[in-house]
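Visitor: My structure file my_file20.cif, mmCIF, C-alpha atoms and all ligand atoms, is below:
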data_query
#
loop_
_atom_site.label_atom_id
_atom_site.label_comp_id
_atom_site.auth_asym_id
_atom_site.auth_seq_id
_atom_site.Cartn_x
_atom_site.Cartn_y
_atom_site.Cartn_z
CA MET A 1 11.55 32.93 33.56
CA SER A 2 14.41 31.92 31.31
CA ALA A 3 15.04 28.27 30.40
CA PRO A 4 17.62 26.38 32.48
CA ALA A 5 21.11 26.68 31.09
CA VAL A 6 22.16 23.84 28.83
CA PRO A 7 25.73 22.67 29.45
CA ALA A 8 28.08 23.37 26.57
CA ALA A 9 28.96 20.36 24.40
CA ARG A 10 31.79 18.40 25.93
CA ALA A 11 35.02 17.95 24.05
CA SER A 12 34.78 14.17 24.48
CA CYS A 13 31.63 12.17 25.12
CA PRO A 14 31.71 10.33 28.48
CA PHE A 15 29.66 7.45 26.97
CA GLU A 16 32.08 6.72 24.13
CA THR A 17 33.45 3.67 25.88
CA MET A 18 30.14 2.44 27.34
CA PRO A 19 29.42 -1.18 26.39
CA SER A 20 26.47 -1.83 24.08
CA VAL A 21 23.15 -2.37 25.81
CA THR A 22 21.45 -5.61 24.78
CA GLU A 23 17.82 -6.17 25.76
CA LEU A 24 15.54 -9.19 25.24
CA ARG A 25 11.84 -8.40 24.86
CA THR A 26 8.98 -10.84 24.49
CA ALA A 27 5.78 -9.64 22.84
CA HIS A 28 2.71 -11.04 21.13
CA THR A 29 2.30 -10.14 17.47
CA ALA A 30 -0.68 -8.01 18.54
CA ASP A 31 1.60 -5.74 20.57
CA LEU A 32 4.58 -5.36 18.22
CA GLY A 33 3.47 -2.22 16.45
CA ALA A 34 4.15 -1.44 12.81
CA SER A 35 7.80 -0.40 13.15
CA THR A 36 8.89 -3.52 15.07
CA THR A 37 6.95 -5.77 12.67
CA SER A 38 8.73 -4.04 9.83
CA ALA A 39 12.13 -4.43 11.59
CA ILE A 40 11.48 -8.20 11.90
CA ARG A 41 10.67 -8.41 8.21
CA ASP A 42 13.82 -6.41 7.33
CA LEU A 43 15.97 -8.70 9.50
CA MET A 44 14.46 -11.83 7.92
CA ASN A 45 14.87 -10.41 4.42
CA ALA A 46 18.54 -9.71 5.13
CA VAL A 47 19.26 -13.04 6.83
CA PHE A 48 17.30 -15.31 4.46
CA ASP A 49 17.98 -13.33 1.29
CA GLY A 50 14.33 -12.30 1.00
CA VAL A 51 11.24 -14.01 2.38
CA SER A 52 7.80 -14.34 0.80
CA ASP A 53 4.69 -12.85 2.39
CA ASP A 54 3.50 -16.38 3.22
CA THR A 55 6.80 -17.30 4.87
CA PHE A 56 6.74 -14.11 6.92
CA ASP A 57 3.12 -14.80 7.81
CA ASN A 58 4.23 -18.11 9.34
CA THR A 59 6.14 -16.15 12.00
CA LEU A 60 3.06 -14.19 13.10
CA GLY A 61 0.18 -14.83 15.49
CA GLY A 62 2.21 -15.95 18.49
CA LEU A 63 4.94 -14.70 20.78
CA HIS A 64 8.13 -13.10 19.55
CA ALA A 65 11.50 -13.02 21.29
CA LEU A 66 13.29 -9.86 20.16
CA LEU A 67 16.85 -8.94 20.95
CA PHE A 68 17.80 -5.30 20.60
CA GLU A 69 21.30 -3.87 20.77
CA ASP A 70 21.37 -0.12 21.35
CA GLY A 71 17.78 -0.02 20.09
CA GLU A 72 18.45 -1.95 16.87
CA LEU A 73 16.84 -5.36 16.31
CA ILE A 74 19.70 -7.86 15.94
CA ALA A 75 17.97 -11.20 16.61
CA HIS A 76 14.47 -12.63 16.45
CA GLY A 77 12.46 -15.82 16.82
CA SER A 78 8.79 -16.55 17.38
CA VAL A 79 6.66 -19.38 18.64
CA VAL A 80 3.25 -20.02 17.11
CA GLN A 81 0.74 -22.71 17.96
CA ARG A 82 0.33 -25.63 15.57
CA ARG A 83 -1.15 -29.12 15.90
CA LEU A 84 1.12 -32.07 15.19
CA LEU A 85 -0.32 -35.56 14.84
CA HIS A 86 1.71 -38.23 16.60
CA GLY A 87 0.76 -41.49 18.25
CA GLY A 88 -2.93 -40.91 17.52
CA ARG A 89 -3.01 -37.53 19.24
CA ALA A 90 -3.21 -33.95 17.95
CA LEU A 91 -0.49 -32.42 20.11
CA ARG A 92 -0.56 -28.74 21.05
CA THR A 93 2.78 -27.64 19.69
CA GLY A 94 4.85 -24.51 20.17
CA TYR A 95 6.33 -24.19 16.70
CA VAL A 96 9.43 -22.04 16.34
CA GLU A 97 9.70 -19.74 13.35
CA GLY A 98 11.87 -16.96 12.00
CA VAL A 99 15.00 -17.56 14.07
CA ALA A 100 17.49 -15.08 12.67
CA VAL A 101 20.56 -13.30 13.98
CA HIS A 102 22.02 -10.37 12.07
CA ALA A 103 25.14 -11.57 10.23
CA GLY A 104 27.39 -9.13 12.08
CA HIS A 105 26.33 -10.44 15.50
CA ARG A 106 26.62 -14.22 15.26
CA ARG A 107 28.41 -16.64 17.60
CA GLN A 108 27.95 -14.27 20.52
CA GLY A 109 25.15 -16.24 22.15
CA HIS A 110 22.28 -14.14 20.73
CA GLY A 111 20.61 -17.08 18.97
CA GLY A 112 20.77 -18.96 22.25
CA THR A 113 19.26 -16.03 24.13
CA VAL A 114 16.33 -15.86 21.70
CA MET A 115 15.82 -19.63 21.89
CA ALA A 116 15.89 -19.54 25.71
CA GLY A 117 13.06 -17.00 25.62
CA LEU A 118 11.02 -19.20 23.27
CA GLU A 119 11.76 -22.43 25.16
CA ARG A 120 10.44 -20.92 28.38
CA ILE A 121 7.12 -20.35 26.63
CA ILE A 122 7.12 -23.82 25.05
CA GLN A 123 7.88 -25.56 28.32
CA SER A 124 5.07 -23.72 30.11
CA ALA A 125 2.33 -23.88 27.49
CA TYR A 126 2.74 -26.75 25.03
CA HIS A 127 2.96 -30.53 24.79
CA LEU A 128 6.16 -30.15 22.79
CA GLY A 129 8.24 -27.74 20.77
CA ALA A 130 9.00 -28.32 17.10
CA LEU A 131 10.69 -26.56 14.18
CA GLY A 132 12.10 -27.11 10.72
CA ALA A 133 15.83 -26.39 10.81
CA SER A 134 18.33 -25.02 8.36
CA PRO A 135 21.71 -26.83 8.57
CA GLU A 136 23.14 -23.84 10.50
CA GLY A 137 20.11 -23.67 12.75
CA ALA A 138 20.37 -27.39 13.53
CA LEU A 139 23.76 -26.75 15.15
CA LEU A 140 22.18 -24.20 17.48
CA TYR A 141 19.17 -26.37 18.32
CA THR A 142 21.05 -29.61 19.00
CA ALA A 143 23.46 -27.68 21.22
CA ARG A 144 20.38 -26.72 23.26
CA GLY A 145 18.96 -30.24 23.56
CA TRP A 146 16.50 -30.28 20.68
CA GLN A 147 16.21 -33.72 19.09
CA GLN A 148 16.13 -34.63 15.43
CA TRP A 149 12.95 -36.39 14.32
CA GLN A 150 14.03 -39.67 12.73
CA GLY A 151 10.73 -41.06 11.51
CA PRO A 152 8.73 -40.14 8.41
CA THR A 153 7.19 -36.66 8.24
CA SER A 154 4.00 -35.64 6.48
CA ALA A 155 1.43 -32.84 6.38
CA MET A 156 -2.34 -32.56 6.44
CA THR A 157 -3.28 -30.85 3.19
CA PRO A 158 -6.57 -30.06 1.43
CA ASP A 159 -5.91 -33.26 -0.56
CA GLY A 160 -5.32 -35.42 2.50
CA ILE A 161 -2.16 -36.41 4.34
CA LYS A 162 0.90 -36.09 2.09
CA ARG A 163 4.43 -37.22 2.82
CA THR A 164 7.03 -34.46 3.16
CA ALA A 165 10.01 -36.73 2.48
CA ASP A 166 12.24 -33.80 1.49
CA LEU A 167 11.92 -32.50 5.06
CA ASP A 168 12.72 -35.83 6.75
CA GLY A 169 15.70 -35.20 9.01
CA ALA A 170 15.15 -31.42 9.12
CA VAL A 171 12.47 -31.47 11.82
CA TYR A 172 13.58 -31.05 15.45
CA VAL A 173 11.51 -31.40 18.58
CA LEU A 174 11.78 -30.35 22.20
CA PRO A 175 9.86 -32.90 24.30
CA VAL A 176 7.87 -31.36 27.16
CA SER A 177 4.98 -33.33 28.59
CA VAL A 178 4.13 -36.11 26.13
CA PRO A 179 6.22 -39.20 25.37
CA LEU A 180 7.48 -39.07 21.79
CA ASP A 181 8.72 -41.94 19.61
CA LEU A 182 11.27 -40.10 17.47
CA THR A 183 11.20 -42.95 14.92
CA GLY A 184 7.41 -42.78 14.51
CA ASP A 185 5.21 -40.77 12.15
CA LEU A 186 4.89 -37.01 12.61
CA THR A 187 2.28 -35.00 10.69
CA CYS A 188 1.89 -31.21 10.74
CA ASP A 189 -1.19 -29.09 10.08
CA TYR A 190 -1.60 -27.26 6.79
CA ARG A 191 -0.39 -23.80 5.81
CA PRO A 192 0.37 -22.14 2.48
CA ALA A 193 4.17 -21.93 2.63
CA ALA A 194 6.89 -24.10 4.14
CA LEU A 195 4.74 -26.87 5.61
CA TRP A 196 7.48 -27.54 8.18
C1 LIG A 201 21.59 -20.18 13.29
C2 LIG A 201 21.77 -18.81 13.97
C3 LIG A 201 20.40 -18.30 14.39
C4 LIG A 201 22.67 -18.98 15.20
O1 LIG A 201 22.74 -17.73 15.88
P1 LIG A 201 24.01 -17.35 16.78
O2 LIG A 201 23.67 -16.12 17.53
O3 LIG A 201 25.23 -17.32 15.95
O4 LIG A 201 24.06 -18.59 17.77
P2 LIG A 201 24.78 -18.66 19.20
O5 LIG A 201 25.95 -17.73 19.22
O6 LIG A 201 23.75 -18.46 20.25
O7 LIG A 201 25.30 -20.17 19.20
C5 LIG A 201 25.10 -21.01 20.31
C6 LIG A 201 25.71 -22.36 19.98
O8 LIG A 201 25.06 -22.95 18.86
C7 LIG A 201 26.03 -23.65 18.04
N1 LIG A 201 26.18 -22.94 16.77
C8 LIG A 201 25.44 -21.89 16.37
N2 LIG A 201 25.81 -21.51 15.11
C9 LIG A 201 26.81 -22.35 14.74
C10 LIG A 201 27.60 -22.46 13.56
N3 LIG A 201 27.43 -21.64 12.50
N4 LIG A 201 28.54 -23.44 13.51
C11 LIG A 201 28.71 -24.28 14.56
N5 LIG A 201 27.99 -24.22 15.72
C12 LIG A 201 27.04 -23.27 15.81
C13 LIG A 201 27.32 -23.61 18.84
O9 LIG A 201 27.31 -24.70 19.73
C14 LIG A 201 27.16 -22.30 19.60
O10 LIG A 201 27.95 -22.25 20.78
P3 LIG A 201 29.48 -21.71 20.68
O11 LIG A 201 29.47 -20.44 19.88
O12 LIG A 201 29.86 -21.53 22.12
O13 LIG A 201 30.26 -22.80 19.98
C15 LIG A 201 22.46 -17.78 13.02
O14 LIG A 201 23.64 -18.38 12.53
C16 LIG A 201 21.60 -17.36 11.84
O15 LIG A 201 20.81 -16.43 11.94
N6 LIG A 201 21.78 -18.09 10.70
C17 LIG A 201 21.04 -17.75 9.47
C18 LIG A 201 19.55 -18.00 9.60
C19 LIG A 201 19.23 -19.41 10.03
O16 LIG A 201 19.72 -20.41 9.49
N7 LIG A 201 18.33 -19.48 11.02
C20 LIG A 201 17.83 -20.72 11.55
C21 LIG A 201 16.59 -21.07 10.80
S1 LIG A 201 15.99 -22.67 11.29
#
Written as structure tokens, that's how I'd like the structure from this file.

Guide:
Amino acid sequence: MSAPAVPAARASCPFETMPSVTELRTAHTADLGASTTSAIRDLMNAVFDGVSDDTFDNTLGGLHALLFEDGELIAHGSVVQRRLLHGGRALRTGYVEGVAVHAGHRRQGHGGTVMAGLERIIQSAYHLGALGASPEGALLYTARGWQQWQGPTSAMTPDGIKRTADLDGAVYVLPVSVPLDLTGDLTCDYRPAALW
């Protein structure tokens, strides 16, 4: 039996004027696969002018919010678990990392869409959300109700608790289920790069 006839190519494509298809996916690092992991790294390299292996590693091990437009990754953020010390408690914290929107797609709500995906996870699973913000990122986060930490920040390190004064003012939190004194001390757990 012969194969079904294939229609001849049309003079003009009927999909030429179709709007772009944008899709938000949420996936654990374990389920990303090599090509999506690589696409995240490529996006971060482009947006942050190159990122170290340790900085990229900070984005892994949790849940990723991935925004694709016509199959291409245009925005990303992830939430990983950390412990923050505050008020004598080690708070289970959904820590946001790697928020990046492709330069050609900004101010179209994509950063907000990614953050909404991450905030849903934070609000369901953690005592609070936290992140270290770039000046540009801070505009996005404050617009979404994140609050600037006003007290002194520090980190647990192999040499004990060390102040991170250079990061004071750059840490933002999303309160969930624990009362927070934004003027109090906030201490993060240790990691090799970018303590906050
Ligand atoms: C920060 C970033 C993720 C924002 O992404 P985005 O898709 O442009 O953000 P949105 O379109 O969802 O912005 C939502 C709101 O956030 C605020 N906002 C975001 N970027 C802003 C900017 N550059 N200037 C002023 N307000 C801004 C606005 O209130 C905006 O609403 P509006 O456009 O209706 O005024 C993007 O600019 C980016 O990738 N920057 C480089 C990497 C970076 O700094 N990442 C953050 C690391 S902490």

Visitor: Please write out the residues within 7 Å of ligand LIG 201 (chain A) as a PDB file with C-alpha atoms, keeping the file's coordinate frame, counting all atoms listed in the file.

Guide:
ATOM      1  CA  VAL A  47      19.260 -13.040   6.830  1.00  0.00           C
ATOM      2  CA  PHE A  48      17.300 -15.310   4.460  1.00  0.00           C
ATOM      3  CA  GLY A  98      11.870 -16.960  12.000  1.00  0.00           C
ATOM      4  CA  VAL A  99      15.000 -17.560  14.070  1.00  0.00           C
ATOM      5  CA  ALA A 100      17.490 -15.080  12.670  1.00  0.00           C
ATOM      6  CA  VAL A 101      20.560 -13.300  13.980  1.00  0.00           C
ATOM      7  CA  HIS A 102      22.020 -10.370  12.070  1.00  0.00           C
ATOM      8  CA  ALA A 103      25.140 -11.570  10.230  1.00  0.00           C
ATOM      9  CA  HIS A 105      26.330 -10.440  15.500  1.00  0.00           C
ATOM     10  CA  ARG A 106      26.620 -14.220  15.260  1.00  0.00           C
ATOM     11  CA  ARG A 107      28.410 -16.640  17.600  1.00  0.00           C
ATOM     12  CA  GLN A 108      27.950 -14.270  20.520  1.00  0.00           C
ATOM     13  CA  GLY A 109      25.150 -16.240  22.150  1.00  0.00           C
ATOM     14  CA  HIS A 110      22.280 -14.140  20.730  1.00  0.00           C
ATOM     15  CA  GLY A 111      20.610 -17.080  18.970  1.00  0.00           C
ATOM     16  CA  GLY A 112      20.770 -18.960  22.250  1.00  0.00           C
ATOM     17  CA  THR A 113      19.260 -16.030  24.130  1.00  0.00           C
ATOM     18  CA  GLY A 132      12.100 -27.110  10.720  1.00  0.00           C
ATOM     19  CA  ALA A 133      15.830 -26.390  10.810  1.00  0.00           C
ATOM     20  CA  SER A 134      18.330 -25.020   8.360  1.00  0.00           C
ATOM     21  CA  PRO A 135      21.710 -26.830   8.570  1.00  0.00           C
ATOM     22  CA  GLU A 136      23.140 -23.840  10.500  1.00  0.00           C
ATOM     23  CA  GLY A 137      20.110 -23.670  12.750  1.00  0.00           C
ATOM     24  CA  ALA A 138      20.370 -27.390  13.530  1.00  0.00           C
ATOM     25  CA  LEU A 139      23.760 -26.750  15.150  1.00  0.00           C
ATOM     26  CA  LEU A 140      22.180 -24.200  17.480  1.00  0.00           C
ATOM     27  CA  TYR A 141      19.170 -26.370  18.320  1.00  0.00           C
ATOM     28  CA  ALA A 143      23.460 -27.680  21.220  1.00  0.00           C
TER      29      ALA A 143
END

Visitor: Could you state the separation of CA of Gly151 (chain A) and CA of Leu182 (chain A) in Å, given to one decimal place?

Guide: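 One can read the CA of Gly151 (chain A) to CA of Leu182 (chain A) distance as 6.1 Å.
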
Visitor: Centre and edge lengths of an axis-aligned box around all listed atoms of region 50-59 of chain A, with 4 Å added on each side, are to be given in Å to one decimal, as lines of an AutoDock Vina configuration file.

Guide:
center_x = 8.7
center_y = -15.2
center_z = 6.4
size_x = 19.2
size_y = 13.8
size_z = 19.2

Visitor: Record the distance separating CA of Asp166 (chain A) and CA of Gly145 (chain A), expressed in Å with one decimal.

Guide: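 Taking CA of Asp166 (chain A) as the start and CA of Gly145 (chain A) as the end point, the length is 23.3 Å.
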
Visitor: For a quick check of understanding, using all atoms listed in the file, which of A:Ala30, A:Ala46, A:Ala130, A:Leu180 has the smallest distance to Ala75 (chain A)?

Guide: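 Residue with the minimum atom-to-atom distance to Ala75 (chain A): A:Ala46.
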
Visitor: Would you mind telling me which residue in A:Arg41, A:His86, A:His28, A:His127 lies nearest to Ser177 (chain A) when using only C-alpha atoms?

Guide: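 That would be A:His127, the residue with the smallest distance to Ser177 (chain A).
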
Visitor: Tell me which of A:Gly71, A:Pro192, A:Gly62, A:Pro152 sits closest to Ala39 (chain A), counting only C-alpha atoms.

Guide: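 Of A:Gly71, A:Pro192, A:Gly62, A:Pro152, the one nearest Ala39 (chain A) is A:Gly71, counting only C-alpha atoms.
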
Visitor: Taking 2 positions as the minimum chain separation for residues in the same chain, which residues sit within 8 Å of Gln81 (chain A) when counting all atoms listed in the file? Answer as a ChimeraX atom specification.

Guide: /A:62,79,83,92-95

Visitor: Using all atoms listed in the file, pick whichever of A:Leu84, A:Thr157, A:Leu73, A:Val114 has the shortest atom-to-atom distance to Ser35 (chain A).

Guide: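 Of the candidates, the smallest distance to Ser35 (chain A) is held by A:Leu73.
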
Visitor: Which residue gives the smallest distance to Met156 (chain A) among A:Asp189, A:Asp168, A:Glu119, A:Glu69, with all atoms listed in the file counted?

Guide: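 Ranked by minimum distance to Met156 (chain A), first place goes to A:Asp189.
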